[in-house]
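Novice: The structure that follows is given in the form of C-alpha cells.
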Amino acid sequence: MTIDPNAFHAFEHAGWERAAEHYGDAFGALTSEVAPALLDAVHAGRGTRLLDVATGPGFIAGVATARGGDVVGLDFSPAMIAEARRRHPSIAFREGDAEELPFDSGSFDAIVMNFGLLHLARPDTAIAEAHRVLRRGGRYALTVWAPPEDAIGFGMVLQAVQAFGNPDVPLPEGPPFFRFSDHNEFRRTLEGAGFADVNITVLPLTWRLSSPDGAFDALSRGGVRTAAVLRAQTPAALDAIRAAVRHGVEAHEKDGMFLLPMPAVLASGTKAG
Ligand SMILES: C[S@@+](CC[C@H](N)C(=O)[O-])C[C@H]1O[C@@H](n2cnc3c(N)ncnc32)[C@H](O)[C@@H]1O
C-alpha cells in the first residue's frame, strides 16, 4: 500500500490531540525511565542548550531542566503543549513540527526525541532537520520501541487483534512502526544523515502496571495507531481482545503488580565538526 505522508501526518496530529489528556498517566512512568540514559547520551548538563522534540507532556524536558540545561520542548499537538506547560510551568514549550523545526541552523548543543520517530510521516526529514539545527559537534539521541516480540505490551495487543479481531481496518498508511527497531537500519539512517560516532543500545525498560487491564487501557486511550485499530473493532471482538490481553498480562504478576518487559532501542550520534 502506498503512503500518503500528508494524510498520515494529519491522522497522527488528530490522534495526539485526542490522546493528550490520557497519555501522561498511561505511559509517563514508562517513557520517563529512559531519561537518564537519553540525557547522558547527549552529555546534557548545566548550561546545555537542549531541544526535546516530540516532548509530549515534557517528561524529558523536565529532567534536562533539573540537570541545569537551557531547555526547549517542542510538539506539534497544542493539547500536548498545554499538558506540558501545566506540568512544567517554568520550561519553554513551543508548538512546532519535528519535520520542519522552527529554529535557525546550529541553535542547539543537544537534541533528543523520546519515542517520537516512530510516529512521524517523514522520519528521515526529521533526522535531517535535527542535524541542521544542531551546532557542529552537537549530540543527538533518540529512542524507539524494540520489536513487539521483545516489547511484549505491544506484542500482546497486536497478537490479540490478529487472533480475535480485524487488523486490516482502513487507516491512513504510515511508515513501518518498527522500522528503527532494526539496529542496522537505525545506524545506516543516522550515518547517512551525517552523524558520526553512532551508538545503538537496548534499554531494558519495565512497564509496571497496577491492573491487568492497564496495557489494554493505555494503548486504547493513550496512543494513536493501535488506539484507532481498537476503536474500529466490533464490540464482541473488542471484548475478546481485552480478555486475551488481560490474560497475557496476568502471567507477569509479581507482588500484586504486573511487570511487562518493554525494551527500547536508544541511538545516538554526533554532528561531525
Ligand atoms: C509517544 S509520544 C512521546 C512523548 C514524550 N517524548 C515521552 O517521552 O513520553 C509522541 C509525541 O510526538 C508528538 N509528535 C508526533 N508527530 C510529531 C511531529 N511531526 N512534530 C512534533 N511532534 C510530533 C506527539 O504529539 C506526541 O506528543
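Residue numbers start at 1 in each chain; chains themselves are named A, B, ... in the order of the C-alpha cells; ligands are numbered from 1 in the order shown.
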If we count only C-alpha atoms and set the cut-off at 9 Å, which residues sit around Ala130 in chain A, ignoring sequence neighbours fewer than 4 positions away in its own chain? Please answer as a PDB file with N, CA, C and O atoms, in the first residue's frame.
Specialist:
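Output contents, as saved in result.pdb:
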ATOM      1  N   VAL A  53      12.451  17.179  21.158  1.00  0.00           N
ATOM      2  CA  VAL A  53      11.477  17.124  20.056  1.00  0.00           C
ATOM      3  C   VAL A  53      10.419  16.067  20.373  1.00  0.00           C
ATOM      4  O   VAL A  53      10.752  15.009  20.912  1.00  0.00           O
ATOM      5  N   ALA A  98       8.373  18.426  14.050  1.00  0.00           N
ATOM      6  CA  ALA A  98       9.684  17.765  14.004  1.00  0.00           C
ATOM      7  C   ALA A  98      10.245  17.731  12.586  1.00  0.00           C
ATOM      8  O   ALA A  98      11.458  17.687  12.388  1.00  0.00           O
ATOM      9  N   GLU A  99       9.343  17.753  11.592  1.00  0.00           N
ATOM     10  CA  GLU A  99       9.783  17.632  10.200  1.00  0.00           C
ATOM     11  C   GLU A  99      10.148  18.992   9.597  1.00  0.00           C
ATOM     12  O   GLU A  99      10.593  19.076   8.456  1.00  0.00           O
ATOM     13  N   LEU A 101      11.702  22.079  11.711  1.00  0.00           N
ATOM     14  CA  LEU A 101      11.956  22.695  13.019  1.00  0.00           C
ATOM     15  C   LEU A 101      12.013  24.217  12.895  1.00  0.00           C
ATOM     16  O   LEU A 101      12.707  24.744  12.007  1.00  0.00           O
ATOM     17  N   ILE A 111      20.068  17.513  20.968  1.00  0.00           N
ATOM     18  CA  ILE A 111      18.658  17.292  20.605  1.00  0.00           C
ATOM     19  C   ILE A 111      18.305  15.859  20.991  1.00  0.00           C
ATOM     20  O   ILE A 111      19.081  14.923  20.722  1.00  0.00           O
ATOM     21  N   VAL A 112      17.143  15.708  21.634  1.00  0.00           N
ATOM     22  CA  VAL A 112      16.660  14.367  21.981  1.00  0.00           C
ATOM     23  C   VAL A 112      15.240  14.201  21.443  1.00  0.00           C
ATOM     24  O   VAL A 112      14.514  15.182  21.234  1.00  0.00           O
ATOM     25  N   THR A 125      13.244  13.058   7.173  1.00  0.00           N
ATOM     26  CA  THR A 125      13.249  14.528   7.138  1.00  0.00           C
ATOM     27  C   THR A 125      13.486  15.073   8.543  1.00  0.00           C
ATOM     28  O   THR A 125      14.223  16.055   8.733  1.00  0.00           O
ATOM     29  N   ALA A 126      12.877  14.443   9.546  1.00  0.00           N
ATOM     30  CA  ALA A 126      13.047  14.912  10.932  1.00  0.00           C
ATOM     31  C   ALA A 126      14.504  14.745  11.384  1.00  0.00           C
ATOM     32  O   ALA A 126      15.045  15.606  12.088  1.00  0.00           O
ATOM     33  N   LEU A 134      21.382  21.365  14.975  1.00  0.00           N
ATOM     34  CA  LEU A 134      22.478  21.153  15.933  1.00  0.00           C
ATOM     35  C   LEU A 134      23.691  21.981  15.525  1.00  0.00           C
ATOM     36  O   LEU A 134      23.964  22.153  14.327  1.00  0.00           O
ATOM     37  N   TYR A 140      22.962  14.087  19.297  1.00  0.00           N
ATOM     38  CA  TYR A 140      21.566  13.717  19.017  1.00  0.00           C
ATOM     39  C   TYR A 140      21.331  12.340  19.623  1.00  0.00           C
ATOM     40  O   TYR A 140      22.168  11.437  19.471  1.00  0.00           O
TER      41      TYR A 140
END
Novice: Using only C-alpha atoms, which protein or nucleic acid residues come within 12 Å of His22 in chain A? Drop anything in the same chain fewer than 2 positions from it, and give the result as an MDAnalysis selection string.
Specialist: chainID A and resid 15:20 24:28 56:57 79:80 83 217:224 227
Novice: Please return as a count of residues only the residues found within 7 Å of ligand 1, counting only C-alpha atoms and all ligand atoms.
Specialist: 31
Novice: Find the distance between CA of Leu260 in chain A and CA of Asp213 in chain A and write it in Å to one decimal.
Specialist: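 CA of Asp213 in chain A lies 12.4 Å from CA of Leu260 in chain A.
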Novice: Hey, what's within 10 Å of Ala151 in chain A if we count only C-alpha atoms and toss same-chain stuff fewer than 5 positions away? As an NGL selection string, please?
Specialist: :A and (145-146 or 156 or 204-207 or 260-264)
Novice: So that I can check the secondary structure, give me every residue of range 8-229 of chain A assigned strand (DSSP E) by backbone DSSP, as a PDB file with N, CA and C atoms, in the first residue's frame.
Specialist:
ATOM      1  N   ARG A  49      22.343  23.737  25.815  1.00  0.00           N
ATOM      2  CA  ARG A  49      21.151  24.206  25.066  1.00  0.00           C
ATOM      3  C   ARG A  49      20.531  22.968  24.424  1.00  0.00           C
ATOM      4  N   LEU A  50      19.402  22.558  24.965  1.00  0.00           N
ATOM      5  CA  LEU A  50      18.838  21.245  24.583  1.00  0.00           C
ATOM      6  C   LEU A  50      17.421  21.396  24.038  1.00  0.00           C
ATOM      7  N   LEU A  51      17.166  20.724  22.926  1.00  0.00           N
ATOM      8  CA  LEU A  51      15.818  20.688  22.336  1.00  0.00           C
ATOM      9  C   LEU A  51      15.248  19.284  22.523  1.00  0.00           C
ATOM     10  N   ASP A  52      14.057  19.213  23.130  1.00  0.00           N
ATOM     11  CA  ASP A  52      13.344  17.928  23.287  1.00  0.00           C
ATOM     12  C   ASP A  52      12.219  17.910  22.252  1.00  0.00           C
ATOM     13  N   VAL A  53      12.451  17.179  21.158  1.00  0.00           N
ATOM     14  CA  VAL A  53      11.477  17.124  20.056  1.00  0.00           C
ATOM     15  C   VAL A  53      10.419  16.067  20.373  1.00  0.00           C
ATOM     16  N   ASP A  70      19.476  24.449  29.445  1.00  0.00           N
ATOM     17  CA  ASP A  70      18.686  25.561  28.901  1.00  0.00           C
ATOM     18  C   ASP A  70      17.779  24.905  27.850  1.00  0.00           C
ATOM     19  N   VAL A  71      16.541  24.577  28.248  1.00  0.00           N
ATOM     20  CA  VAL A  71      15.739  23.582  27.528  1.00  0.00           C
ATOM     21  C   VAL A  71      14.545  24.195  26.802  1.00  0.00           C
ATOM     22  N   VAL A  72      14.307  23.690  25.578  1.00  0.00           N
ATOM     23  CA  VAL A  72      13.068  23.993  24.857  1.00  0.00           C
ATOM     24  C   VAL A  72      12.400  22.650  24.540  1.00  0.00           C
ATOM     25  N   GLY A  73      11.103  22.558  24.789  1.00  0.00           N
ATOM     26  CA  GLY A  73      10.335  21.373  24.401  1.00  0.00           C
ATOM     27  C   GLY A  73       9.433  21.721  23.232  1.00  0.00           C
ATOM     28  N   LEU A  74       9.402  20.854  22.220  1.00  0.00           N
ATOM     29  CA  LEU A  74       8.615  21.133  21.014  1.00  0.00           C
ATOM     30  C   LEU A  74       7.672  19.971  20.721  1.00  0.00           C
ATOM     31  N   ASP A  75       6.449  20.296  20.353  1.00  0.00           N
ATOM     32  CA  ASP A  75       5.481  19.255  19.966  1.00  0.00           C
ATOM     33  C   ASP A  75       4.491  19.881  18.992  1.00  0.00           C
ATOM     34  N   ALA A  92      10.251  26.390  28.668  1.00  0.00           N
ATOM     35  CA  ALA A  92       9.766  26.965  27.403  1.00  0.00           C
ATOM     36  C   ALA A  92       9.282  25.848  26.482  1.00  0.00           C
ATOM     37  N   PHE A  93       7.988  25.768  26.263  1.00  0.00           N
ATOM     38  CA  PHE A  93       7.435  24.794  25.313  1.00  0.00           C
ATOM     39  C   PHE A  93       6.917  25.545  24.100  1.00  0.00           C
ATOM     40  N   ARG A  94       7.070  24.915  22.956  1.00  0.00           N
ATOM     41  CA  ARG A  94       6.719  25.587  21.716  1.00  0.00           C
ATOM     42  C   ARG A  94       6.017  24.612  20.782  1.00  0.00           C
ATOM     43  N   GLU A  95       4.977  25.113  20.118  1.00  0.00           N
ATOM     44  CA  GLU A  95       4.288  24.280  19.137  1.00  0.00           C
ATOM     45  C   GLU A  95       5.099  24.287  17.847  1.00  0.00           C
ATOM     46  N   PHE A 108      21.398  24.479  18.707  1.00  0.00           N
ATOM     47  CA  PHE A 108      21.388  23.659  19.931  1.00  0.00           C
ATOM     48  C   PHE A 108      22.664  22.829  20.080  1.00  0.00           C
ATOM     49  N   ASP A 109      23.028  22.583  21.356  1.00  0.00           N
ATOM     50  CA  ASP A 109      24.149  21.668  21.670  1.00  0.00           C
ATOM     51  C   ASP A 109      23.683  20.225  21.629  1.00  0.00           C
ATOM     52  N   ALA A 110      22.406  20.013  21.913  1.00  0.00           N
ATOM     53  CA  ALA A 110      21.901  18.639  22.065  1.00  0.00           C
ATOM     54  C   ALA A 110      20.434  18.600  21.636  1.00  0.00           C
ATOM     55  N   ILE A 111      20.068  17.513  20.968  1.00  0.00           N
ATOM     56  CA  ILE A 111      18.658  17.292  20.605  1.00  0.00           C
ATOM     57  C   ILE A 111      18.305  15.859  20.991  1.00  0.00           C
ATOM     58  N   VAL A 112      17.143  15.708  21.634  1.00  0.00           N
ATOM     59  CA  VAL A 112      16.660  14.367  21.981  1.00  0.00           C
ATOM     60  C   VAL A 112      15.240  14.201  21.443  1.00  0.00           C
ATOM     61  N   MET A 113      14.866  12.965  21.205  1.00  0.00           N
ATOM     62  CA  MET A 113      13.478  12.658  20.804  1.00  0.00           C
ATOM     63  C   MET A 113      13.146  11.277  21.375  1.00  0.00           C
ATOM     64  N   ASN A 114      12.283  11.264  22.370  1.00  0.00           N
ATOM     65  CA  ASN A 114      11.944  10.023  23.069  1.00  0.00           C
ATOM     66  C   ASN A 114      10.635   9.469  22.508  1.00  0.00           C
ATOM     67  N   LEU A 134      21.382  21.365  14.975  1.00  0.00           N
ATOM     68  CA  LEU A 134      22.478  21.153  15.933  1.00  0.00           C
ATOM     69  C   LEU A 134      23.691  21.981  15.525  1.00  0.00           C
ATOM     70  N   ARG A 135      24.463  22.410  16.517  1.00  0.00           N
ATOM     71  CA  ARG A 135      25.767  23.007  16.196  1.00  0.00           C
ATOM     72  C   ARG A 135      26.737  21.885  15.828  1.00  0.00           C
ATOM     73  N   ARG A 136      27.847  22.230  15.181  1.00  0.00           N
ATOM     74  CA  ARG A 136      28.864  21.209  14.895  1.00  0.00           C
ATOM     75  C   ARG A 136      29.376  20.628  16.194  1.00  0.00           C
ATOM     76  N   GLY A 137      29.512  19.322  16.248  1.00  0.00           N
ATOM     77  CA  GLY A 137      29.938  18.664  17.485  1.00  0.00           C
ATOM     78  C   GLY A 137      28.781  18.425  18.450  1.00  0.00           C
ATOM     79  N   GLY A 138      27.573  18.909  18.082  1.00  0.00           N
ATOM     80  CA  GLY A 138      26.397  18.697  18.934  1.00  0.00           C
ATOM     81  C   GLY A 138      25.933  17.243  18.874  1.00  0.00           C
ATOM     82  N   ARG A 139      25.179  16.851  19.891  1.00  0.00           N
ATOM     83  CA  ARG A 139      24.800  15.428  20.013  1.00  0.00           C
ATOM     84  C   ARG A 139      23.293  15.226  19.894  1.00  0.00           C
ATOM     85  N   TYR A 140      22.962  14.087  19.297  1.00  0.00           N
ATOM     86  CA  TYR A 140      21.566  13.717  19.017  1.00  0.00           C
ATOM     87  C   TYR A 140      21.331  12.340  19.623  1.00  0.00           C
ATOM     88  N   ALA A 141      20.213  12.162  20.319  1.00  0.00           N
ATOM     89  CA  ALA A 141      19.878  10.826  20.839  1.00  0.00           C
ATOM     90  C   ALA A 141      18.374  10.636  20.768  1.00  0.00           C
ATOM     91  N   LEU A 142      17.974   9.442  20.386  1.00  0.00           N
ATOM     92  CA  LEU A 142      16.544   9.189  20.218  1.00  0.00           C
ATOM     93  C   LEU A 142      16.223   7.720  20.469  1.00  0.00           C
ATOM     94  N   THR A 143      14.976   7.480  20.834  1.00  0.00           N
ATOM     95  CA  THR A 143      14.552   6.115  21.151  1.00  0.00           C
ATOM     96  C   THR A 143      13.344   5.698  20.313  1.00  0.00           C
ATOM     97  N   VAL A 144      13.250   4.398  20.129  1.00  0.00           N
ATOM     98  CA  VAL A 144      12.029   3.770  19.586  1.00  0.00           C
ATOM     99  C   VAL A 144      11.818   2.497  20.407  1.00  0.00           C
ATOM    100  N   TRP A 145      10.678   1.865  20.256  1.00  0.00           N
ATOM    101  CA  TRP A 145      10.445   0.600  20.942  1.00  0.00           C
ATOM    102  C   TRP A 145      11.187  -0.536  20.238  1.00  0.00           C
ATOM    103  N   PHE A 195      25.624  11.864  10.753  1.00  0.00           N
ATOM    104  CA  PHE A 195      26.045  11.708  12.152  1.00  0.00           C
ATOM    105  C   PHE A 195      27.228  10.740  12.238  1.00  0.00           C
ATOM    106  N   ALA A 196      28.167  11.080  13.137  1.00  0.00           N
ATOM    107  CA  ALA A 196      29.334  10.228  13.382  1.00  0.00           C
ATOM    108  C   ALA A 196      29.203   9.601  14.770  1.00  0.00           C
ATOM    109  N   ASP A 197      30.120   8.696  15.080  1.00  0.00           N
ATOM    110  CA  ASP A 197      30.138   8.022  16.402  1.00  0.00           C
ATOM    111  C   ASP A 197      28.767   7.460  16.761  1.00  0.00           C
ATOM    112  N   VAL A 198      28.096   6.852  15.792  1.00  0.00           N
ATOM    113  CA  VAL A 198      26.736   6.348  16.061  1.00  0.00           C
ATOM    114  C   VAL A 198      26.822   5.131  16.987  1.00  0.00           C
ATOM    115  N   ASN A 199      25.989   5.177  18.014  1.00  0.00           N
ATOM    116  CA  ASN A 199      25.965   4.089  19.000  1.00  0.00           C
ATOM    117  C   ASN A 199      24.510   3.640  19.182  1.00  0.00           C
ATOM    118  N   ILE A 200      24.303   2.325  19.171  1.00  0.00           N
ATOM    119  CA  ILE A 200      22.940   1.793  19.334  1.00  0.00           C
ATOM    120  C   ILE A 200      22.958   0.844  20.533  1.00  0.00           C
ATOM    121  N   THR A 201      22.055   1.065  21.482  1.00  0.00           N
ATOM    122  CA  THR A 201      21.984   0.156  22.637  1.00  0.00           C
ATOM    123  C   THR A 201      20.516  -0.165  22.935  1.00  0.00           C
ATOM    124  N   VAL A 202      20.318  -1.211  23.729  1.00  0.00           N
ATOM    125  CA  VAL A 202      18.960  -1.569  24.149  1.00  0.00           C
ATOM    126  C   VAL A 202      18.802  -1.219  25.627  1.00  0.00           C
ATOM    127  N   LEU A 203      17.713  -0.534  25.950  1.00  0.00           N
ATOM    128  CA  LEU A 203      17.422  -0.190  27.351  1.00  0.00           C
ATOM    129  C   LEU A 203      16.347  -1.151  27.857  1.00  0.00           C
ATOM    130  N   THR A 206      10.820  -1.581  32.018  1.00  0.00           N
ATOM    131  CA  THR A 206       9.747  -2.432  32.533  1.00  0.00           C
ATOM    132  C   THR A 206       8.494  -1.577  32.713  1.00  0.00           C
ATOM    133  N   TRP A 207       7.390  -2.076  32.162  1.00  0.00           N
ATOM    134  CA  TRP A 207       6.098  -1.384  32.320  1.00  0.00           C
ATOM    135  C   TRP A 207       5.464  -1.941  33.591  1.00  0.00           C
ATOM    136  N   ARG A 208       5.329  -1.107  34.623  1.00  0.00           N
ATOM    137  CA  ARG A 208       4.789  -1.535  35.923  1.00  0.00           C
ATOM    138  C   ARG A 208       3.320  -1.161  35.980  1.00  0.00           C
ATOM    139  N   LEU A 209       2.463  -2.155  35.898  1.00  0.00           N
ATOM    140  CA  LEU A 209       1.018  -1.900  35.847  1.00  0.00           C
ATOM    141  C   LEU A 209       0.366  -2.361  37.149  1.00  0.00           C
TER     142      LEU A 209
END
Novice: So, with only C-alpha atoms as the atoms that count, which of A:Ala64, A:Ala7, A:Ala215, A:Ala29 lies closest to Ile152 in chain A?
Specialist: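 Looking only at the distances to Ile152 in chain A, the closest residue turns out to be A:Ala215.
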Novice: Please provide as a PDB file with N, CA and C atoms, in the first residue's frame all residues within 10 Å of Phe11 in chain A, with the sequence filter that same-chain residues fewer than 3 positions apart are discarded (counting only C-alpha atoms).
Specialist:
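around_5.pdb, freshly written:
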ATOM      1  N   PRO A   5       2.020  10.817   2.947  1.00  0.00           N
ATOM      2  CA  PRO A   5       2.571  11.389   4.179  1.00  0.00           C
ATOM      3  C   PRO A   5       1.671  12.471   4.782  1.00  0.00           C
ATOM      4  N   ASN A   6       1.014  13.245   3.919  1.00  0.00           N
ATOM      5  CA  ASN A   6       0.167  14.321   4.469  1.00  0.00           C
ATOM      6  C   ASN A   6      -1.029  13.738   5.220  1.00  0.00           C
ATOM      7  N   ALA A   7      -1.618  12.684   4.643  1.00  0.00           N
ATOM      8  CA  ALA A   7      -2.772  12.058   5.299  1.00  0.00           C
ATOM      9  C   ALA A   7      -2.341  11.420   6.621  1.00  0.00           C
ATOM     10  N   PHE A   8      -1.177  10.767   6.626  1.00  0.00           N
ATOM     11  CA  PHE A   8      -0.719  10.118   7.858  1.00  0.00           C
ATOM     12  C   PHE A   8      -0.384  11.169   8.926  1.00  0.00           C
ATOM     13  N   ALA A  14      -4.344  14.501  14.698  1.00  0.00           N
ATOM     14  CA  ALA A  14      -5.680  14.382  15.312  1.00  0.00           C
ATOM     15  C   ALA A  14      -5.635  13.376  16.460  1.00  0.00           C
ATOM     16  N   GLY A  15      -4.878  12.292  16.282  1.00  0.00           N
ATOM     17  CA  GLY A  15      -4.785  11.248  17.309  1.00  0.00           C
ATOM     18  C   GLY A  15      -4.143  11.759  18.586  1.00  0.00           C
ATOM     19  N   TRP A  16      -3.083  12.564  18.458  1.00  0.00           N
ATOM     20  CA  TRP A  16      -2.420  13.080  19.663  1.00  0.00           C
ATOM     21  C   TRP A  16      -3.264  14.144  20.346  1.00  0.00           C
ATOM     22  N   ALA A 121       5.459  10.937   9.853  1.00  0.00           N
ATOM     23  CA  ALA A 121       5.193  10.605   8.454  1.00  0.00           C
ATOM     24  C   ALA A 121       6.498  10.582   7.656  1.00  0.00           C
ATOM     25  N   LEU A 171      -7.105   2.678   7.686  1.00  0.00           N
ATOM     26  CA  LEU A 171      -6.458   3.827   8.344  1.00  0.00           C
ATOM     27  C   LEU A 171      -5.436   4.378   7.367  1.00  0.00           C
ATOM     28  N   PRO A 172      -5.085   5.661   7.486  1.00  0.00           N
ATOM     29  CA  PRO A 172      -4.004   6.168   6.626  1.00  0.00           C
ATOM     30  C   PRO A 172      -2.728   5.377   6.883  1.00  0.00           C
ATOM     31  N   GLU A 173      -2.143   4.889   5.819  1.00  0.00           N
ATOM     32  CA  GLU A 173      -0.938   4.060   5.942  1.00  0.00           C
ATOM     33  C   GLU A 173       0.244   4.942   6.356  1.00  0.00           C
ATOM     34  N   GLY A 174       1.042   4.464   7.318  1.00  0.00           N
ATOM     35  CA  GLY A 174       2.241   5.205   7.737  1.00  0.00           C
ATOM     36  C   GLY A 174       3.475   4.369   7.528  1.00  0.00           C
ATOM     37  N   VAL A 224      -2.083   6.252  19.402  1.00  0.00           N
ATOM     38  CA  VAL A 224      -2.746   6.716  18.185  1.00  0.00           C
ATOM     39  C   VAL A 224      -3.060   5.553  17.241  1.00  0.00           C
ATOM     40  N   ARG A 225      -2.014   4.915  16.675  1.00  0.00           N
ATOM     41  CA  ARG A 225      -2.293   3.893  15.644  1.00  0.00           C
ATOM     42  C   ARG A 225      -3.042   2.701  16.236  1.00  0.00           C
ATOM     43  N   ALA A 228      -6.573   3.540  17.215  1.00  0.00           N
ATOM     44  CA  ALA A 228      -7.500   3.629  16.073  1.00  0.00           C
ATOM     45  C   ALA A 228      -7.904   2.232  15.597  1.00  0.00           C
TER      46      ALA A 228
END
Novice: Closest to Ala35 in chain A among A:Val161, A:Leu118, A:Ala240, A:Ala66, using only C-alpha atoms?
Specialist: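 Residue with the minimum atom-to-atom distance to Ala35 in chain A: A:Ala66.
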Novice: Please list as a list in words every residue within 12 Å of Ala251 in chain A, counting only C-alpha atoms and excluding residues in the same chain fewer than 4 positions away.
Specialist: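 With the cut-off at 12 Å, the set is Ile152, Met156, Pro212, Ala244, Val245, Arg246, His247, Gly256, Met257, Phe258, Leu259 and Leu260 of chain A.
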Novice: Neighbours of Asn166 in chain A within 10 Å (only C-alpha atoms; same-chain residues fewer than 6 positions away dropped), as a list in words?
Specialist: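 After dropping sequence-adjacent residues, the list is Ala160, Val229, Leu230, Ala232, Gln233, Thr234, Ala237 and Leu238 of chain A.
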Novice: For the residues in that selection, give me C-alpha atoms as an mmCIF file, in the first residue's frame.
Specialist:
data_model
loop_
_atom_site.group_PDB
_atom_site.id
_atom_site.type_symbol
_atom_site.label_atom_id
_atom_site.label_comp_id
_atom_site.auth_asym_id
_atom_site.auth_seq_id
_atom_site.Cartn_x
_atom_site.Cartn_y
_atom_site.Cartn_z
ATOM 1 C CA ALA A 160 -4.896 -10.404 20.218
ATOM 2 C CA VAL A 229 -7.280 -0.092 15.234
ATOM 3 C CA LEU A 230 -9.018 -0.943 18.523
ATOM 4 C CA ALA A 232 -12.558 0.097 14.640
ATOM 5 C CA GLN A 233 -13.261 -3.394 16.106
ATOM 6 C CA THR A 234 -16.757 -4.725 16.746
ATOM 7 C CA ALA A 237 -14.111 -8.561 19.076
ATOM 8 C CA LEU A 238 -13.002 -5.788 21.417
#
Novice: Range 21-251 of chain A: which residues are helix (DSSP H, G or I) by DSSP, as a PyMOL selection string?
Specialist: chain A and resi 21-32+35-41+59-66+78-87+117-119+123-133+152-164+179-181+183-192+214-221+225-231+235-250
Novice: Rounded to one decimal place, report the CA of Phe216 in chain A-CA of His183 in chain A distance in Å.
Specialist: 27.7 Å
